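Engineer: Supplied structure: final_23.txt, compact mmCIF, N, CA and C atoms.
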```txt
# COMPACT_ATOMS: atom_id res chain seq x y z
N MET A 1 35.07 89.50 -2.43
CA MET A 1 34.04 88.54 -2.14
C MET A 1 33.15 88.40 -3.37
N THR A 2 32.88 87.17 -3.78
CA THR A 2 32.03 86.91 -4.92
C THR A 2 30.86 86.05 -4.46
N THR A 3 29.67 86.42 -4.89
CA THR A 3 28.47 85.66 -4.54
C THR A 3 27.72 85.34 -5.81
N ALA A 4 27.47 84.08 -6.04
CA ALA A 4 26.67 83.67 -7.18
C ALA A 4 25.42 82.98 -6.67
N LEU A 5 24.29 83.40 -7.15
CA LEU A 5 23.03 82.79 -6.77
C LEU A 5 22.42 82.15 -8.00
N PRO A 6 22.30 80.82 -8.00
CA PRO A 6 21.76 80.15 -9.18
C PRO A 6 20.30 80.48 -9.38
N THR A 7 19.89 80.41 -10.62
CA THR A 7 18.50 80.62 -10.95
C THR A 7 17.82 79.26 -11.12
N ALA A 8 16.56 79.21 -10.85
CA ALA A 8 15.79 78.00 -11.09
C ALA A 8 15.47 77.95 -12.58
N SER A 9 15.99 76.96 -13.26
CA SER A 9 15.84 76.92 -14.71
C SER A 9 14.39 76.78 -15.15
N SER A 10 13.54 76.28 -14.28
CA SER A 10 12.13 76.11 -14.67
C SER A 10 11.26 77.28 -14.21
N ALA A 11 11.85 78.30 -13.62
CA ALA A 11 11.07 79.43 -13.14
C ALA A 11 10.52 80.22 -14.31
N PRO A 12 9.27 80.67 -14.19
CA PRO A 12 8.70 81.49 -15.27
C PRO A 12 9.40 82.84 -15.34
N VAL A 13 9.48 83.40 -16.54
CA VAL A 13 10.10 84.70 -16.75
C VAL A 13 9.07 85.76 -16.38
N ALA A 14 8.95 86.01 -15.07
CA ALA A 14 7.97 86.97 -14.56
C ALA A 14 8.36 87.40 -13.16
N CYS A 15 8.10 88.65 -12.85
CA CYS A 15 8.32 89.19 -11.52
C CYS A 15 7.07 88.90 -10.70
N THR A 16 7.27 88.54 -9.43
CA THR A 16 6.13 88.19 -8.60
C THR A 16 5.64 89.34 -7.70
N LEU A 17 6.22 90.54 -7.86
CA LEU A 17 5.78 91.68 -7.06
C LEU A 17 4.44 92.22 -7.54
N GLY A 18 3.64 92.70 -6.60
CA GLY A 18 2.41 93.39 -6.96
C GLY A 18 2.74 94.78 -7.47
N ALA A 19 1.75 95.48 -8.03
CA ALA A 19 1.98 96.79 -8.64
C ALA A 19 2.59 97.80 -7.67
N GLY A 20 2.07 97.88 -6.46
CA GLY A 20 2.59 98.83 -5.48
C GLY A 20 4.00 98.47 -5.04
N GLU A 21 4.23 97.19 -4.81
CA GLU A 21 5.56 96.73 -4.43
C GLU A 21 6.56 96.99 -5.55
N TYR A 22 6.13 96.78 -6.79
CA TYR A 22 7.00 97.01 -7.94
C TYR A 22 7.40 98.48 -8.03
N ALA A 23 6.45 99.38 -7.86
CA ALA A 23 6.74 100.82 -7.90
C ALA A 23 7.71 101.21 -6.79
N ASP A 24 7.50 100.66 -5.59
CA ASP A 24 8.41 100.93 -4.48
C ASP A 24 9.81 100.41 -4.77
N ARG A 25 9.88 99.22 -5.36
CA ARG A 25 11.19 98.63 -5.70
C ARG A 25 11.91 99.47 -6.74
N LEU A 26 11.18 99.93 -7.76
CA LEU A 26 11.80 100.79 -8.78
C LEU A 26 12.36 102.07 -8.16
N ALA A 27 11.62 102.65 -7.24
CA ALA A 27 12.09 103.87 -6.57
C ALA A 27 13.34 103.58 -5.75
N TRP A 28 13.37 102.45 -5.07
CA TRP A 28 14.52 102.07 -4.26
C TRP A 28 15.75 101.87 -5.14
N ILE A 29 15.58 101.15 -6.25
CA ILE A 29 16.69 100.92 -7.18
C ILE A 29 17.15 102.23 -7.80
N ALA A 30 16.20 103.09 -8.16
CA ALA A 30 16.56 104.38 -8.76
C ALA A 30 17.42 105.20 -7.81
N GLU A 31 17.09 105.18 -6.53
CA GLU A 31 17.90 105.91 -5.54
C GLU A 31 19.30 105.30 -5.44
N LEU A 32 19.37 103.99 -5.39
CA LEU A 32 20.68 103.32 -5.36
C LEU A 32 21.50 103.71 -6.59
N ASN A 33 20.87 103.67 -7.75
CA ASN A 33 21.58 103.99 -8.99
C ASN A 33 22.02 105.45 -9.04
N ARG A 34 21.16 106.35 -8.61
CA ARG A 34 21.52 107.79 -8.62
C ARG A 34 22.72 108.07 -7.73
N THR A 35 22.81 107.37 -6.61
CA THR A 35 23.86 107.67 -5.65
C THR A 35 25.11 106.82 -5.79
N ALA A 36 25.02 105.65 -6.44
CA ALA A 36 26.18 104.75 -6.42
C ALA A 36 26.55 104.08 -7.74
N LEU A 37 25.66 104.09 -8.74
CA LEU A 37 25.97 103.40 -10.00
C LEU A 37 27.02 104.17 -10.78
N ARG A 38 28.10 103.50 -11.12
CA ARG A 38 29.19 104.12 -11.87
C ARG A 38 29.10 103.83 -13.37
N SER A 39 28.71 102.62 -13.72
CA SER A 39 28.61 102.28 -15.14
C SER A 39 27.70 101.08 -15.31
N GLN A 40 27.22 100.94 -16.55
CA GLN A 40 26.40 99.79 -16.90
C GLN A 40 26.69 99.41 -18.34
N ARG A 41 26.57 98.13 -18.61
CA ARG A 41 26.70 97.66 -19.98
C ARG A 41 25.94 96.35 -20.12
N GLN A 42 25.45 96.15 -21.32
CA GLN A 42 24.70 94.93 -21.61
C GLN A 42 25.36 94.21 -22.77
N ASP A 43 25.48 92.91 -22.63
CA ASP A 43 26.00 92.05 -23.69
C ASP A 43 25.03 90.88 -23.81
N GLY A 44 24.09 91.02 -24.71
CA GLY A 44 23.10 89.96 -24.89
C GLY A 44 22.27 89.75 -23.63
N LEU A 45 22.33 88.55 -23.09
CA LEU A 45 21.52 88.18 -21.93
C LEU A 45 22.14 88.62 -20.60
N VAL A 46 23.25 89.34 -20.68
CA VAL A 46 23.99 89.72 -19.47
C VAL A 46 24.02 91.23 -19.29
N LEU A 47 23.66 91.68 -18.10
CA LEU A 47 23.74 93.09 -17.72
C LEU A 47 24.78 93.20 -16.61
N VAL A 48 25.75 94.11 -16.79
CA VAL A 48 26.80 94.32 -15.79
C VAL A 48 26.66 95.73 -15.24
N LEU A 49 26.55 95.82 -13.92
CA LEU A 49 26.40 97.10 -13.23
C LEU A 49 27.57 97.26 -12.25
N ASP A 50 28.27 98.37 -12.34
CA ASP A 50 29.36 98.66 -11.42
C ASP A 50 28.94 99.78 -10.48
N TYR A 51 29.06 99.50 -9.19
CA TYR A 51 28.67 100.44 -8.14
C TYR A 51 29.88 100.88 -7.33
N ALA A 52 29.75 102.01 -6.67
CA ALA A 52 30.78 102.49 -5.74
C ALA A 52 30.92 101.47 -4.61
N PRO A 53 32.14 101.29 -4.09
CA PRO A 53 32.35 100.31 -3.02
C PRO A 53 31.50 100.57 -1.77
N ALA A 54 31.20 101.81 -1.49
CA ALA A 54 30.40 102.14 -0.31
C ALA A 54 28.98 101.59 -0.40
N ALA A 55 28.55 101.19 -1.58
CA ALA A 55 27.19 100.68 -1.78
C ALA A 55 27.10 99.16 -1.63
N ALA A 56 28.15 98.52 -1.18
CA ALA A 56 28.19 97.06 -1.13
C ALA A 56 27.00 96.45 -0.39
N SER A 57 26.66 96.97 0.77
CA SER A 57 25.55 96.38 1.53
C SER A 57 24.22 96.57 0.80
N ARG A 58 24.05 97.72 0.13
CA ARG A 58 22.80 97.95 -0.62
C ARG A 58 22.74 97.06 -1.86
N VAL A 59 23.88 96.78 -2.49
CA VAL A 59 23.88 95.87 -3.65
C VAL A 59 23.55 94.46 -3.18
N ARG A 60 24.09 94.04 -2.04
CA ARG A 60 23.73 92.73 -1.50
C ARG A 60 22.24 92.66 -1.19
N GLU A 61 21.68 93.75 -0.66
CA GLU A 61 20.24 93.80 -0.39
C GLU A 61 19.44 93.73 -1.69
N LEU A 62 19.91 94.43 -2.71
CA LEU A 62 19.25 94.38 -4.02
C LEU A 62 19.20 92.95 -4.54
N VAL A 63 20.31 92.26 -4.46
CA VAL A 63 20.36 90.86 -4.94
C VAL A 63 19.37 90.00 -4.15
N ALA A 64 19.36 90.14 -2.84
CA ALA A 64 18.45 89.34 -2.02
C ALA A 64 16.99 89.62 -2.37
N ARG A 65 16.66 90.90 -2.51
CA ARG A 65 15.28 91.26 -2.85
C ARG A 65 14.88 90.74 -4.24
N GLU A 66 15.77 90.92 -5.20
CA GLU A 66 15.43 90.53 -6.57
C GLU A 66 15.40 89.02 -6.74
N GLN A 67 16.27 88.31 -6.06
CA GLN A 67 16.25 86.84 -6.15
C GLN A 67 14.92 86.30 -5.64
N ALA A 68 14.34 86.98 -4.65
CA ALA A 68 13.08 86.54 -4.08
C ALA A 68 11.90 86.72 -5.04
N CYS A 69 11.93 87.77 -5.88
CA CYS A 69 10.77 88.03 -6.74
C CYS A 69 11.02 87.70 -8.21
N CYS A 70 12.27 87.58 -8.60
CA CYS A 70 12.60 87.30 -10.01
C CYS A 70 13.58 86.13 -10.07
N SER A 71 13.11 84.97 -9.63
CA SER A 71 13.99 83.80 -9.52
C SER A 71 14.47 83.27 -10.87
N PHE A 72 13.92 83.78 -11.95
CA PHE A 72 14.37 83.35 -13.27
C PHE A 72 15.71 83.99 -13.65
N LEU A 73 16.14 85.02 -12.91
CA LEU A 73 17.41 85.69 -13.18
C LEU A 73 18.51 85.10 -12.30
N ALA A 74 19.73 85.11 -12.83
CA ALA A 74 20.90 84.69 -12.05
C ALA A 74 21.69 85.95 -11.70
N PHE A 75 22.13 86.01 -10.45
CA PHE A 75 22.87 87.17 -9.96
C PHE A 75 24.24 86.73 -9.49
N ARG A 76 25.22 87.56 -9.79
CA ARG A 76 26.58 87.33 -9.32
C ARG A 76 27.12 88.69 -8.91
N SER A 77 27.65 88.77 -7.69
CA SER A 77 28.25 90.03 -7.26
C SER A 77 29.69 89.79 -6.85
N GLU A 78 30.50 90.79 -7.12
CA GLU A 78 31.91 90.73 -6.78
C GLU A 78 32.29 92.07 -6.15
N GLU A 79 32.83 91.99 -4.95
CA GLU A 79 33.23 93.20 -4.23
C GLU A 79 34.75 93.30 -4.20
N THR A 80 35.26 94.45 -4.60
CA THR A 80 36.68 94.75 -4.51
C THR A 80 36.81 96.09 -3.78
N PRO A 81 38.01 96.49 -3.45
CA PRO A 81 38.18 97.80 -2.81
C PRO A 81 37.77 98.95 -3.73
N HIS A 82 37.69 98.70 -5.03
CA HIS A 82 37.42 99.77 -6.00
C HIS A 82 35.99 99.81 -6.53
N ALA A 83 35.27 98.71 -6.42
CA ALA A 83 33.92 98.67 -6.99
C ALA A 83 33.17 97.43 -6.52
N VAL A 84 31.87 97.50 -6.70
CA VAL A 84 31.01 96.33 -6.52
C VAL A 84 30.40 96.08 -7.89
N ARG A 85 30.69 94.92 -8.45
CA ARG A 85 30.16 94.56 -9.77
C ARG A 85 29.03 93.57 -9.59
N LEU A 86 27.87 93.93 -10.13
CA LEU A 86 26.72 93.05 -10.13
C LEU A 86 26.45 92.62 -11.55
N THR A 87 26.43 91.31 -11.76
CA THR A 87 26.13 90.76 -13.08
C THR A 87 24.79 90.04 -12.99
N VAL A 88 23.88 90.45 -13.86
CA VAL A 88 22.53 89.87 -13.90
C VAL A 88 22.42 89.15 -15.23
N THR A 89 22.08 87.86 -15.18
CA THR A 89 21.97 87.07 -16.39
C THR A 89 20.53 86.57 -16.54
N ALA A 90 19.97 86.85 -17.70
CA ALA A 90 18.61 86.41 -18.00
C ALA A 90 18.66 85.09 -18.77
N PRO A 91 17.62 84.28 -18.65
CA PRO A 91 17.58 83.04 -19.41
C PRO A 91 17.28 83.32 -20.89
N ALA A 92 17.63 82.39 -21.73
CA ALA A 92 17.40 82.55 -23.17
C ALA A 92 15.93 82.84 -23.48
N GLU A 93 15.02 82.30 -22.66
CA GLU A 93 13.59 82.50 -22.88
C GLU A 93 13.20 83.98 -22.79
N ALA A 94 14.02 84.79 -22.14
CA ALA A 94 13.72 86.22 -21.98
C ALA A 94 14.25 87.05 -23.13
N GLY A 95 14.88 86.41 -24.09
CA GLY A 95 15.58 87.10 -25.17
C GLY A 95 14.83 88.23 -25.84
N GLU A 96 13.58 88.04 -26.18
CA GLU A 96 12.82 89.08 -26.88
C GLU A 96 12.33 90.18 -25.94
N ALA A 97 12.42 89.95 -24.63
CA ALA A 97 11.91 90.92 -23.67
C ALA A 97 13.02 91.49 -22.78
N LEU A 98 14.26 91.44 -23.25
CA LEU A 98 15.38 91.88 -22.41
C LEU A 98 15.26 93.32 -21.94
N ASP A 99 14.77 94.20 -22.81
CA ASP A 99 14.62 95.60 -22.39
C ASP A 99 13.69 95.70 -21.18
N VAL A 100 12.63 94.94 -21.18
CA VAL A 100 11.68 94.94 -20.06
C VAL A 100 12.29 94.27 -18.84
N VAL A 101 12.98 93.16 -19.05
CA VAL A 101 13.59 92.42 -17.94
C VAL A 101 14.65 93.25 -17.23
N PHE A 102 15.49 93.95 -17.99
CA PHE A 102 16.59 94.70 -17.40
C PHE A 102 16.22 96.12 -16.99
N ALA A 103 15.10 96.64 -17.46
CA ALA A 103 14.72 98.03 -17.16
C ALA A 103 14.71 98.36 -15.67
N PRO A 104 14.19 97.50 -14.79
CA PRO A 104 14.19 97.86 -13.37
C PRO A 104 15.59 98.10 -12.81
N PHE A 105 16.58 97.38 -13.33
CA PHE A 105 17.94 97.51 -12.82
C PHE A 105 18.61 98.79 -13.31
N LEU A 106 18.00 99.45 -14.26
CA LEU A 106 18.55 100.69 -14.81
C LEU A 106 17.75 101.92 -14.37
N ALA A 107 16.78 101.71 -13.49
CA ALA A 107 15.97 102.82 -12.99
C ALA A 107 16.87 103.89 -12.40
N GLY A 108 16.67 105.12 -12.81
CA GLY A 108 17.44 106.23 -12.28
C GLY A 108 18.85 106.33 -12.82
N ALA A 109 19.26 105.41 -13.69
CA ALA A 109 20.62 105.42 -14.23
C ALA A 109 20.78 106.53 -15.25
N HIS A 110 21.95 107.08 -15.32
CA HIS A 110 22.26 108.12 -16.29
C HIS A 110 22.81 107.48 -17.55
N GLY A 111 22.39 108.02 -18.70
CA GLY A 111 22.91 107.69 -20.01
C GLY A 111 23.07 106.27 -20.28
```
Once you've parsed the file, please lay out its structure as structure tokens.
Structural biologist:
Amino acid sequence: MTTALPTASSAPVACTLGAGEYADRLAWIAELNRTALRSQRQDGLVLVLDYAPAAASRVRELVAREQACCSFLAFRSEETPHAVRLTVTAPAEAGEALDVVFAPFLAGAHG
């Protein structure tokens, strides 16, 4: 199953979560990453995260939550029997701030 959620091209490059909500979200993502993230790689504006198949519902929840607060990002997920691949694409406008933009998705990730 593949799900692509388009980004609004005119959306500002900013998260709309408040400070407390942001901290809670980082903790939630860190737990997901500690228990299910298998690998990550970045190629320019694209971050690819591979999760264990058992985490499929949590990855879908992550996409739904993040699309709501970070509409400037595009999300694509692909579920196979072997993995759940989440691809996060940032707009060109985020180029100089990619480390900041992608940092929440790497919370709790190893190496």
Engineer: So the first atom is CA of Trp28 in chain A and the second is atom C of Glu93 in chain A; what is the distance between them in Å, to one decimal place?
Structural biologist: 25.9 Å
Engineer: When DSSP works through the backbone of this structure, what residues of range 32-111 of chain A end up as alpha helix (DSSP H), shown as a list in words?
Structural biologist: Leu32, Asn33, Arg34, Thr35, Ala36, Ala56, Ser57, Arg58, Val59, Arg60, Glu61, Leu62, Val63, Ala64, Arg65, Glu66, Gln67, Ala68, Cys69, Leu98, Asp99, Val100, Val101 and Phe102 of chain A
Engineer: Please identify all polymer residues within 8 Å of Pro104 in chain A, counting only N, CA and C atoms, omitting same-chain residues fewer than 6 positions from it, and present them as a ChimeraX atom specification.
Structural biologist: /A:25-26,29-30
Engineer: Which residues, protein or nucleic acid, reach to within 7 Å of (20.7, 99.1, -6.3) in the file's coordinates when using only C-alpha atoms, and can you give that as a list in words?
Structural biologist: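 All residues meeting the 7 Å criterion around (20.7, 99.1, -6.3) are Ile29, Leu32, Asn33, Arg58, Val59 and Leu62 of chain A.
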Engineer: Could you jot down the atom N of Val63 in chain A to atom N of Gly95 in chain A separation for me, Å, one decimal place?
Structural biologist: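 Value for the atom N of Val63 in chain A-atom N of Gly95 in chain A distance: 21.2 Å.
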Engineer: What does the distance between CA of Pro91 in chain A and atom C of Ala54 in chain A come to in Å, to one decimal place?
Structural biologist: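 Value for the CA of Pro91 in chain A-atom C of Ala54 in chain A distance: 28.9 Å.
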Engineer: May I have the residues within 6 Å of range 34-36 of chain A as a PyMOL selection string, using only C-alpha atoms and disregarding those fewer than 5 positions away in the same chain?
Structural biologist: chain A and resi 51-52+108
Engineer: Please produce a file of those selected residues containing N, CA and C atoms, as a compact mmCIF listing (two decimals), keeping the file's coordinate frame.
Structural biologist:
```txt
# COMPACT_ATOMS: atom_id res chain seq x y z
N TYR A 51 29.06 99.50 -9.19
CA TYR A 51 28.67 100.44 -8.14
C TYR A 51 29.88 100.88 -7.33
N ALA A 52 29.75 102.01 -6.67
CA ALA A 52 30.78 102.49 -5.74
C ALA A 52 30.92 101.47 -4.61
N GLY A 108 16.67 105.12 -12.81
CA GLY A 108 17.44 106.23 -12.28
C GLY A 108 18.85 106.33 -12.82
```
Engineer: List the spatial neighbours of Leu45 in chain A as a PyMOL selection string - criterion: any atom at most 6.5 Å away, all atoms listed in the file, same-chain residues fewer than 3 positions off excluded.
Structural biologist: chain A and resi 42+88-91
Engineer: Give the strand (DSSP E) residues of chain A, as DSSP finds them on the backbone, and put them as a VMD selection string.
Structural biologist: chain A and resid 2 to 5 37 to 43 46 to 51 74 to 79 84 to 89
Engineer: Give the answer as one residue: which of A:Ala74, A:Ala56, A:Leu86, A:Ala68 has the shortest atom-to-atom distance to Ser39 in chain A, using only C-alpha atoms?
Structural biologist: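 Closest candidate: A:Leu86.
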Engineer: Just want the 8 Å neighbourhood of Leu49 in chain A, counted on only C-alpha atoms, with same-chain residues fewer than 2 positions away dropped. Output as a list in words.
Structural biologist: Leu37, Arg38, Ser39, Gln40, Arg41, Leu47, Tyr51, Arg85, Leu86 and Thr87 of chain A
